[in-house]
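Asker: Sending over protein-v7.cif (mmCIF, C-alpha atoms and all ligand atoms).
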data_upload
#
loop_
_atom_site.label_atom_id
_atom_site.label_comp_id
_atom_site.auth_asym_id
_atom_site.auth_seq_id
_atom_site.Cartn_x
_atom_site.Cartn_y
_atom_site.Cartn_z
CA MET A 1 7.96 19.61 11.31
CA LYS A 2 4.60 18.64 12.82
CA ALA A 3 3.77 15.01 13.41
CA THR A 4 1.78 13.49 10.55
CA ALA A 5 -1.84 12.40 10.90
CA GLU A 6 -2.47 9.56 13.29
CA LEU A 7 -2.45 6.20 11.58
CA ALA A 8 -5.74 5.46 13.28
CA GLU A 9 -7.43 8.12 11.17
CA GLY A 10 -5.67 7.34 7.95
CA VAL A 11 -5.58 5.29 4.79
CA ALA A 12 -2.35 3.40 4.16
CA ILE A 13 -1.46 2.02 0.73
CA VAL A 14 0.86 -0.98 0.85
CA THR A 15 2.16 -2.15 -2.53
CA GLY A 16 2.94 -5.84 -2.70
CA GLY A 17 0.78 -6.17 0.40
CA SER A 18 -0.55 -9.59 -0.53
CA ARG A 19 2.34 -11.66 0.83
CA GLY A 20 5.75 -11.70 2.49
CA ILE A 21 7.07 -8.47 3.99
CA GLY A 22 4.22 -6.44 2.46
CA LEU A 23 1.58 -8.60 4.12
CA GLY A 24 3.43 -8.23 7.44
CA ILE A 25 3.39 -4.45 6.98
CA ALA A 26 -0.30 -4.40 6.02
CA ALA A 27 -1.16 -6.44 9.13
CA GLU A 28 0.90 -4.17 11.40
CA LEU A 29 -0.63 -0.96 10.00
CA ALA A 30 -4.12 -2.46 10.28
CA ARG A 31 -3.43 -3.32 13.94
CA GLY A 32 -2.36 0.32 14.36
CA GLY A 33 -5.81 1.40 13.18
CA ALA A 34 -5.17 2.28 9.53
CA ARG A 35 -7.56 1.43 6.73
CA VAL A 36 -5.24 -0.46 4.44
CA ALA A 37 -5.27 -0.51 0.63
CA VAL A 38 -3.57 -3.72 -0.45
CA VAL A 39 -2.10 -3.19 -3.92
CA ALA A 40 -0.70 -6.18 -5.80
CA ARG A 41 -0.62 -7.70 -9.28
CA ASN A 42 -2.68 -10.74 -8.37
CA ALA A 43 -6.24 -9.58 -7.59
CA ASP A 44 -7.37 -12.76 -5.81
CA ARG A 45 -4.40 -12.77 -3.46
CA ALA A 46 -4.85 -9.06 -2.72
CA VAL A 47 -8.52 -9.60 -1.87
CA GLU A 48 -7.64 -12.53 0.39
CA ALA A 49 -4.94 -10.51 2.16
CA ALA A 50 -7.22 -7.49 2.73
CA ALA A 51 -9.99 -9.77 4.06
CA GLY A 52 -7.60 -11.26 6.64
CA LEU A 53 -6.55 -7.94 8.20
CA ASP A 54 -7.72 -6.80 11.64
CA GLY A 55 -10.36 -4.08 11.71
CA ASP A 56 -12.63 -2.63 9.03
CA GLY A 57 -12.36 -0.49 5.94
CA HIS A 58 -9.58 -2.35 4.12
CA ALA A 59 -9.71 -2.95 0.37
CA ALA A 60 -7.74 -4.64 -2.40
CA TYR A 61 -6.58 -3.31 -5.77
CA SER A 62 -4.93 -5.08 -8.67
CA CYS A 63 -2.20 -2.91 -10.22
CA ASP A 64 1.16 -3.33 -11.93
CA ILE A 65 3.18 -0.53 -10.35
CA ALA A 66 5.48 -0.41 -13.38
CA ASP A 67 2.52 1.08 -15.29
CA SER A 68 2.26 4.77 -14.38
CA ARG A 69 -1.35 5.15 -15.62
CA ALA A 70 -2.43 2.15 -13.58
CA CYS A 71 -0.82 3.73 -10.50
CA ARG A 72 -2.73 7.00 -11.02
CA LYS A 73 -6.00 5.10 -11.48
CA THR A 74 -5.33 2.98 -8.39
CA VAL A 75 -4.62 5.98 -6.15
CA ALA A 76 -7.76 7.71 -7.46
CA ALA A 77 -9.77 4.55 -6.71
CA VAL A 78 -8.32 4.31 -3.18
CA GLU A 79 -9.15 7.97 -2.47
CA SER A 80 -12.73 7.71 -3.71
CA ARG A 81 -13.41 4.40 -1.95
CA GLN A 82 -11.41 4.65 1.28
CA GLY A 83 -10.53 8.33 1.67
CA PRO A 84 -7.40 10.51 1.50
CA VAL A 85 -4.10 8.61 1.53
CA THR A 86 -2.00 9.48 4.57
CA VAL A 87 0.60 6.70 4.29
CA LEU A 88 2.22 5.12 1.23
CA VAL A 89 4.44 2.08 1.72
CA ASN A 90 6.30 1.16 -1.46
CA ASN A 91 7.12 -2.46 -0.75
CA ALA A 92 6.49 -4.25 -4.07
CA GLY A 93 9.69 -5.43 -5.65
CA ILE A 94 11.18 -8.21 -7.73
CA ALA A 95 14.57 -9.79 -8.39
CA ARG A 96 15.86 -11.32 -11.65
CA ASP A 97 19.33 -12.44 -10.62
CA ASN A 98 22.28 -13.19 -12.88
CA ILE A 99 25.88 -12.16 -13.35
CA VAL A 100 26.29 -9.01 -15.44
CA LEU A 101 27.51 -10.92 -18.48
CA ARG A 102 24.35 -13.02 -18.54
CA LEU A 103 21.77 -10.38 -17.57
CA ARG A 104 19.27 -10.01 -20.40
CA ASP A 105 17.90 -6.62 -21.40
CA GLU A 106 14.48 -7.57 -20.04
CA ASP A 107 15.96 -8.66 -16.67
CA TRP A 108 17.54 -5.22 -16.32
CA THR A 109 14.51 -3.27 -17.54
CA ARG A 110 11.86 -5.18 -15.62
CA VAL A 111 13.69 -4.90 -12.29
CA ILE A 112 14.48 -1.19 -12.71
CA ASP A 113 10.98 -0.40 -14.02
CA THR A 114 9.29 -2.25 -11.14
CA ASN A 115 11.45 -1.47 -8.12
CA LEU A 116 12.57 2.06 -8.98
CA GLY A 117 10.05 3.15 -11.63
CA GLY A 118 7.09 1.65 -9.77
CA THR A 119 8.00 3.43 -6.55
CA PHE A 120 8.36 6.71 -8.42
CA ASN A 121 4.98 6.14 -10.12
CA MET A 122 3.23 5.60 -6.80
CA ILE A 123 4.95 8.54 -5.08
CA ARG A 124 3.99 10.88 -7.92
CA ALA A 125 0.42 9.62 -7.82
CA VAL A 126 -0.08 10.36 -4.09
CA THR A 127 1.93 13.59 -3.91
CA ARG A 128 -0.68 16.09 -5.13
CA GLY A 129 -3.25 15.02 -2.54
CA MET A 130 -0.70 14.86 0.28
CA MET A 131 0.60 18.34 -0.65
CA LYS A 132 -2.92 19.81 -0.62
CA ARG A 133 -3.59 18.28 2.79
CA ARG A 134 -0.08 19.06 4.03
CA ALA A 135 0.24 15.62 5.58
CA GLY A 136 1.74 12.34 4.56
CA SER A 137 4.35 9.72 5.25
CA ILE A 138 6.04 7.65 2.54
CA VAL A 139 8.14 4.60 3.40
CA ASN A 140 10.14 2.84 0.70
CA VAL A 141 11.25 -0.76 1.24
CA THR A 142 14.71 -0.98 -0.26
CA SER A 143 17.45 -3.49 0.64
CA VAL A 144 20.87 -3.66 2.24
CA ILE A 145 21.96 -4.84 -1.23
CA GLY A 146 21.36 -1.23 -2.33
CA LEU A 147 23.95 -0.16 0.26
CA MET A 148 26.47 -2.99 -0.18
CA GLY A 149 26.04 -4.28 -3.75
CA ASN A 150 25.96 -8.01 -4.45
CA ALA A 151 27.54 -10.23 -7.08
CA GLY A 152 24.78 -11.56 -9.31
CA GLN A 153 22.33 -8.78 -8.42
CA ALA A 154 23.56 -5.72 -10.37
CA ASN A 155 20.05 -4.87 -11.59
CA TYR A 156 18.47 -5.33 -8.16
CA ALA A 157 21.26 -3.44 -6.34
CA ALA A 158 21.06 -0.55 -8.84
CA SER A 159 17.27 -0.33 -8.40
CA LYS A 160 17.55 -0.29 -4.61
CA ALA A 161 20.46 2.19 -4.55
CA GLY A 162 18.37 4.36 -6.89
CA LEU A 163 15.57 4.22 -4.34
CA HIS A 164 17.90 5.66 -1.72
CA GLY A 165 18.51 8.70 -3.96
CA LEU A 166 14.78 8.95 -4.68
CA THR A 167 13.96 8.76 -0.95
CA LYS A 168 16.33 11.61 -0.05
CA SER A 169 15.23 13.79 -2.99
CA VAL A 170 11.52 13.36 -2.21
CA ALA A 171 12.27 14.04 1.48
CA ARG A 172 14.01 17.30 0.59
CA GLU A 173 11.32 18.33 -1.90
CA LEU A 174 8.31 17.69 0.34
CA ALA A 175 9.52 18.32 3.91
CA SER A 176 8.16 21.88 3.96
CA ARG A 177 4.70 20.44 3.11
CA ASN A 178 4.81 18.15 6.16
CA ILE A 179 5.36 15.07 4.01
CA ARG A 180 8.09 12.71 5.15
CA CYS A 181 9.88 10.09 3.06
CA ASN A 182 12.11 7.41 4.56
CA ALA A 183 13.45 4.00 3.56
CA VAL A 184 13.73 0.70 5.37
CA ALA A 185 16.53 -1.48 4.04
CA PRO A 186 15.92 -5.12 5.05
CA GLY A 187 18.67 -7.70 5.19
CA PHE A 188 17.72 -11.33 4.53
CA ILE A 189 14.10 -11.87 5.49
CA ARG A 190 12.24 -15.19 5.43
CA THR A 191 9.70 -14.83 2.54
CA ASP A 192 8.90 -16.37 -0.87
CA MET A 193 11.76 -14.30 -2.31
CA THR A 194 14.32 -16.12 -0.15
CA ALA A 195 12.50 -19.47 0.19
CA GLY A 196 14.17 -20.86 -2.93
CA LEU A 197 17.72 -20.44 -1.62
CA PRO A 198 19.64 -23.70 -1.04
CA GLU A 199 20.27 -24.60 2.63
CA ALA A 200 24.05 -24.20 2.23
CA ARG A 201 23.52 -20.64 0.97
CA VAL A 202 21.17 -19.83 3.87
CA ASN A 203 23.78 -21.14 6.33
CA GLU A 204 26.47 -19.09 4.64
CA LEU A 205 24.31 -15.95 4.77
CA THR A 206 23.38 -16.54 8.40
CA GLY A 207 27.09 -16.66 9.21
CA ARG A 208 27.38 -13.10 7.88
CA ILE A 209 24.57 -11.78 10.10
CA PRO A 210 25.78 -10.69 13.58
CA ALA A 211 22.31 -11.47 15.03
CA GLY A 212 22.80 -15.06 13.81
CA ARG A 213 19.39 -15.47 12.18
CA LEU A 214 17.36 -14.44 9.15
CA GLY A 215 14.80 -11.73 9.80
CA GLU A 216 11.02 -12.16 9.77
CA PRO A 217 8.49 -9.89 7.99
CA ALA A 218 7.40 -8.64 11.46
CA ASP A 219 10.94 -7.33 12.10
CA VAL A 220 10.53 -5.00 9.12
CA ALA A 221 6.86 -4.21 9.71
CA GLY A 222 7.42 -2.71 13.17
CA VAL A 223 9.98 -0.24 11.82
CA VAL A 224 7.71 0.71 8.90
CA ARG A 225 4.86 1.36 11.34
CA PHE A 226 7.11 3.58 13.44
CA LEU A 227 8.30 5.55 10.40
CA ALA A 228 4.76 5.86 9.06
CA GLY A 229 3.35 7.23 12.30
CA PRO A 230 3.54 10.43 14.33
CA GLU A 231 6.34 9.25 16.62
CA ALA A 232 8.67 9.62 13.63
CA GLY A 233 7.32 13.10 12.87
CA TYR A 234 10.79 14.68 12.83
CA ILE A 235 12.48 11.91 10.82
CA THR A 236 12.79 12.26 7.04
CA GLY A 237 15.26 11.25 4.33
CA GLN A 238 16.64 8.36 6.40
CA ILE A 239 17.56 4.83 5.39
CA ILE A 240 17.18 2.41 8.29
CA ALA A 241 18.73 -1.02 7.86
CA VAL A 242 16.75 -3.86 9.45
CA ASP A 243 19.29 -6.59 8.94
CA GLY A 244 20.51 -8.04 12.25
CA GLY A 245 23.67 -5.93 11.88
CA MET A 246 24.74 -7.29 8.48
CA ALA A 247 25.47 -3.98 6.74
CA MET A 248 27.29 -2.17 9.56
P1 LIG A 301 7.68 -11.36 -2.33
O1 LIG A 301 8.19 -11.80 -3.66
O2 LIG A 301 7.29 -12.38 -1.33
O3 LIG A 301 6.44 -10.36 -2.54
C1 LIG A 301 6.52 -9.31 -3.46
C2 LIG A 301 5.21 -8.59 -3.55
O4 LIG A 301 5.34 -7.55 -4.51
C3 LIG A 301 4.05 -9.47 -3.99
O5 LIG A 301 2.90 -9.12 -3.27
C4 LIG A 301 3.86 -9.08 -5.46
O6 LIG A 301 2.52 -9.16 -5.90
C5 LIG A 301 4.29 -7.62 -5.43
N1 LIG A 301 4.73 -7.15 -6.74
C6 LIG A 301 5.82 -7.54 -7.44
N2 LIG A 301 5.87 -6.87 -8.60
C7 LIG A 301 4.79 -6.05 -8.64
C8 LIG A 301 4.29 -5.12 -9.57
N3 LIG A 301 4.89 -4.89 -10.74
N4 LIG A 301 3.16 -4.44 -9.27
C9 LIG A 301 2.52 -4.65 -8.10
N5 LIG A 301 2.96 -5.51 -7.16
C10 LIG A 301 4.07 -6.21 -7.44
O7 LIG A 301 8.80 -10.38 -1.80
P2 LIG A 301 9.29 -10.02 -0.30
O8 LIG A 301 10.42 -10.89 0.04
O9 LIG A 301 8.14 -9.93 0.61
O10 LIG A 301 9.90 -8.57 -0.58
C11 LIG A 301 9.17 -7.36 -0.41
C12 LIG A 301 10.12 -6.20 -0.63
O11 LIG A 301 11.20 -6.31 0.28
C13 LIG A 301 10.73 -6.17 -2.03
O12 LIG A 301 10.84 -4.81 -2.44
C14 LIG A 301 12.10 -6.76 -1.82
O13 LIG A 301 13.02 -6.30 -2.77
C15 LIG A 301 12.42 -6.25 -0.43
N6 LIG A 301 13.43 -7.03 0.26
C16 LIG A 301 13.24 -8.36 0.56
C17 LIG A 301 14.22 -9.05 1.22
C18 LIG A 301 14.08 -10.50 1.59
O14 LIG A 301 15.05 -11.06 2.11
N7 LIG A 301 12.95 -11.13 1.40
C19 LIG A 301 15.49 -8.42 1.60
C20 LIG A 301 15.58 -7.04 1.26
C21 LIG A 301 14.57 -6.39 0.61
#
Can you give me the file's structure in the form of structure tokens?

Answerer:
Amino acid sequence: MKATAELAEGVAIVTGGSRGIGLGIAAELARGGARVAVVARNADRAVEAAAGLDGDGHAAYSCDIADSRACRKTVAAVESRQGPVTVLVNNAGIARDNIVLRLRDEDWTRVIDTNLGGTFNMIRAVTRGMMKRRAGSIVNVTSVIGLMGNAGQANYAASKAGLHGLTKSVARELASRNIRCNAVAPGFIRTDMTAGLPEARVNELTGRIPAGRLGEPADVAGVVRFLAGPEAGYITGQIIAVDGGMAM
């Protein structure tokens, strides 16, 4: 497999790029020379995030990735405004935690439709162009919870485990077209998603992490940049945990 196009020449879509891990990824790819398309639900935050990135040629798009038509329209808008998409980072994701007995239908559906369905929608939307150009790198942000399971997160764990199957299937389907698809599975990372956890819970979680600390968005972003770029040109279908050793 040939190395994919240099990031420096490419357009990288980052879903959920307006904050947290996604913003860290957008910043890292921008520093690597990519023109970043920040895709998020909240238009104002996406615009603000894109404006704060290093370099030129970045843009913001408001899109609910659970809506397949909106994903198609967004990818078309990115391609006409910024150019052909070389990198897609599927980072947007949500959690609606509860024990199975108390999970409501909408908690199940919304999490599966966003995390798993949304990633599928975006992959399908970029695939035709990447296949024509015979170049592309897709990185899905999953979770160690998709590998380990977690009490109180059946919907979230199922969505992330589903992403692992999706990642490997897409990798097998598109490898001959020089399109790679990998996943990064973060452990506990300091963002809005984890900010609400009580201190006792954070201490308990930290005790389960061999590295002895929560991760930072930059810990994840560096691995995404590596997987997105040409140095990872012979890597596809892999799930790389970035978790301080938690899921060994
Ligand atoms: P966050 O809650 O801080 O940010 C989520 C981002 O996704 C936001 O930009 C939001 O606008 C976007 N988003 C959510 N639903 C969307 C939708 N339907 N359409 C478009 N954009 C949408 O989350 P955080 O912590 O930065 O997480 C990012 C990814 O990393 C998620 O997929 C999450 O599951 C995963 N992750 C996070 C971990 C953590 O400890 N923070 C651990 C493991 C995985």

Asker: Residues up to 8 Å from ligand LIG 301 (chain A), counting only C-alpha atoms and all ligand atoms: could you list those as a PyMOL selection string?

Answerer: chain A and resi 15-23+39-42+46+62-67+90-95+114-115+118+141-145+156+160+185-194+215+217

Asker: What does the distance between CA of Glu79 (chain A) and CA of His164 (chain A) come to in Å, to one decimal place?

Answerer: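 Atom-to-atom, CA of Glu79 (chain A) and CA of His164 (chain A) are spaced 27.2 Å apart.
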
Asker: Excluding Ala221 (chain A) and residues on its chain fewer than 2 positions from it, collect all residues at most 10 Å away from it, counting all atoms listed in the file, and give them as a PyMOL selection string.

Answerer: chain A and resi 21-29+184+216-219+223-227+242

Asker: Find the smallest box with edges along x, y and z containing every listed atom of region 201-219 of chain A, then add 3 Å on each side and report centre and edge lengths in Å to one decimal, as AutoDock Vina command-line options.

Answerer:
--center_x 17.4 --center_y -14.2 --center_z 8.0 --size_x 26.0 --size_y 19.8 --size_z 20.1

Asker: Counting only C-alpha atoms, which of A:Asp113, A:Gln238, A:Glu204, A:Arg104 gets nearest to Lys168 (chain A)?

Answerer: A:Gln238

Asker: For CA of Leu101 (chain A) and CA of Ala195 (chain A), quote the distance in Å rounded to one decimal.

Answerer: 25.4 Å

Asker: Kindly extract all protein, DNA and RNA residues lying within 7 Å of the coordinates (-4.2, -5.3, 6.5) given in the file, considering all atoms listed in the file, and supply them as a list in words.

Answerer: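 The residues that fall inside the cut-off are Ala26, Ala27, Leu29, Ala30, Val36, Ala49, Ala50, Gly52, Leu53, Asp54 and His58 of chain A.
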
Asker: Do you know which residues are at most 7 Å from Ala37 (chain A) counting only C-alpha atoms, after dropping those on the same chain fewer than 3 positions away, and could you put them as a list in words?

Answerer: Ala12, Ile13, Val14, His58, Ala59, Ala60 and Val78 of chain A

Asker: Go through A:Gly229, A:Gly33, A:Gly244, A:Gly196 and flag the residue nearest Val89 (chain A), using only C-alpha atoms for the distances.

Answerer: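 Nearest candidate to Val89 (chain A) out of A:Gly229, A:Gly33, A:Gly244, A:Gly196: A:Gly229.
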
Asker: Using Å and a single decimal, report how far CA of Gly165 (chain A) sits from CA of Ile235 (chain A).

Answerer: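 Between CA of Ile235 (chain A) and CA of Gly165 (chain A) the gap is 16.3 Å.
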
Asker: Would you please work out which residue, of A:Ala135, A:Ala51, A:Ala158, A:Ala211, is nearest to Leu88 (chain A) when using all atoms listed in the file?

Answerer: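 Closest residue, counting all atoms listed in the file: A:Ala135.
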
Asker: Considering only C-alpha atoms, state which residue in the set A:Pro210, A:Pro84, A:Gly10, A:Gly152 is at the smallest distance from Met130 (chain A).

Answerer: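 Going through A:Pro210, A:Pro84, A:Gly10, A:Gly152 one by one, the smallest distance to Met130 (chain A) is for A:Pro84.
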
Asker: N, CA, C and O atoms are needed for region 142-157 of chain A; please write them out as a PDB file, in the frame of the given file.

Answerer:
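Produced file out_26.pdb, reproduced below:
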ATOM      1  N   THR A 142      13.573  -0.844   0.659  1.00  0.00           N
ATOM      2  CA  THR A 142      14.710  -0.980  -0.260  1.00  0.00           C
ATOM      3  C   THR A 142      15.416  -2.293   0.065  1.00  0.00           C
ATOM      4  O   THR A 142      14.783  -3.333   0.137  1.00  0.00           O
ATOM      5  N   SER A 143      16.721  -2.266   0.293  1.00  0.00           N
ATOM      6  CA  SER A 143      17.450  -3.490   0.640  1.00  0.00           C
ATOM      7  C   SER A 143      18.874  -3.104   1.043  1.00  0.00           C
ATOM      8  O   SER A 143      19.425  -2.139   0.507  1.00  0.00           O
ATOM      9  N   VAL A 144      19.461  -3.902   1.925  1.00  0.00           N
ATOM     10  CA  VAL A 144      20.870  -3.660   2.240  1.00  0.00           C
ATOM     11  C   VAL A 144      21.741  -3.876   0.994  1.00  0.00           C
ATOM     12  O   VAL A 144      22.838  -3.337   0.911  1.00  0.00           O
ATOM     13  N   ILE A 145      21.208  -4.630   0.020  1.00  0.00           N
ATOM     14  CA  ILE A 145      21.960  -4.840  -1.230  1.00  0.00           C
ATOM     15  C   ILE A 145      22.145  -3.500  -1.958  1.00  0.00           C
ATOM     16  O   ILE A 145      23.130  -3.313  -2.673  1.00  0.00           O
ATOM     17  N   GLY A 146      21.216  -2.569  -1.753  1.00  0.00           N
ATOM     18  CA  GLY A 146      21.360  -1.230  -2.330  1.00  0.00           C
ATOM     19  C   GLY A 146      22.467  -0.440  -1.663  1.00  0.00           C
ATOM     20  O   GLY A 146      22.976   0.530  -2.229  1.00  0.00           O
ATOM     21  N   LEU A 147      22.851  -0.817  -0.444  1.00  0.00           N
ATOM     22  CA  LEU A 147      23.950  -0.160   0.260  1.00  0.00           C
ATOM     23  C   LEU A 147      25.284  -0.862  -0.021  1.00  0.00           C
ATOM     24  O   LEU A 147      26.324  -0.227  -0.131  1.00  0.00           O
ATOM     25  N   MET A 148      25.235  -2.206  -0.127  1.00  0.00           N
ATOM     26  CA  MET A 148      26.470  -2.990  -0.180  1.00  0.00           C
ATOM     27  C   MET A 148      26.818  -3.489  -1.572  1.00  0.00           C
ATOM     28  O   MET A 148      27.957  -3.865  -1.830  1.00  0.00           O
ATOM     29  N   GLY A 149      25.825  -3.584  -2.477  1.00  0.00           N
ATOM     30  CA  GLY A 149      26.040  -4.280  -3.750  1.00  0.00           C
ATOM     31  C   GLY A 149      26.056  -5.781  -3.507  1.00  0.00           C
ATOM     32  O   GLY A 149      26.172  -6.236  -2.367  1.00  0.00           O
ATOM     33  N   ASN A 150      25.909  -6.553  -4.578  1.00  0.00           N
ATOM     34  CA  ASN A 150      25.960  -8.010  -4.450  1.00  0.00           C
ATOM     35  C   ASN A 150      26.259  -8.634  -5.798  1.00  0.00           C
ATOM     36  O   ASN A 150      25.610  -8.276  -6.794  1.00  0.00           O
ATOM     37  N   ALA A 151      27.236  -9.527  -5.835  1.00  0.00           N
ATOM     38  CA  ALA A 151      27.540 -10.230  -7.080  1.00  0.00           C
ATOM     39  C   ALA A 151      26.312 -10.997  -7.529  1.00  0.00           C
ATOM     40  O   ALA A 151      25.682 -11.683  -6.725  1.00  0.00           O
ATOM     41  N   GLY A 152      25.949 -10.858  -8.789  1.00  0.00           N
ATOM     42  CA  GLY A 152      24.780 -11.560  -9.310  1.00  0.00           C
ATOM     43  C   GLY A 152      23.479 -10.789  -9.167  1.00  0.00           C
ATOM     44  O   GLY A 152      22.415 -11.293  -9.528  1.00  0.00           O
ATOM     45  N   GLN A 153      23.549  -9.575  -8.611  1.00  0.00           N
ATOM     46  CA  GLN A 153      22.330  -8.780  -8.420  1.00  0.00           C
ATOM     47  C   GLN A 153      22.525  -7.322  -8.856  1.00  0.00           C
ATOM     48  O   GLN A 153      22.024  -6.400  -8.210  1.00  0.00           O
ATOM     49  N   ALA A 154      23.262  -7.102  -9.947  1.00  0.00           N
ATOM     50  CA  ALA A 154      23.560  -5.720 -10.370  1.00  0.00           C
ATOM     51  C   ALA A 154      22.283  -4.930 -10.628  1.00  0.00           C
ATOM     52  O   ALA A 154      22.172  -3.754 -10.238  1.00  0.00           O
ATOM     53  N   ASN A 155      21.309  -5.561 -11.283  1.00  0.00           N
ATOM     54  CA  ASN A 155      20.050  -4.870 -11.590  1.00  0.00           C
ATOM     55  C   ASN A 155      19.284  -4.530 -10.303  1.00  0.00           C
ATOM     56  O   ASN A 155      18.813  -3.413 -10.115  1.00  0.00           O
ATOM     57  N   TYR A 156      19.193  -5.506  -9.429  1.00  0.00           N
ATOM     58  CA  TYR A 156      18.470  -5.330  -8.160  1.00  0.00           C
ATOM     59  C   TYR A 156      19.169  -4.277  -7.289  1.00  0.00           C
ATOM     60  O   TYR A 156      18.533  -3.356  -6.759  1.00  0.00           O
ATOM     61  N   ALA A 157      20.497  -4.391  -7.167  1.00  0.00           N
ATOM     62  CA  ALA A 157      21.260  -3.440  -6.340  1.00  0.00           C
ATOM     63  C   ALA A 157      21.123  -2.022  -6.893  1.00  0.00           C
ATOM     64  O   ALA A 157      20.938  -1.059  -6.128  1.00  0.00           O
TER      65      ALA A 157
END
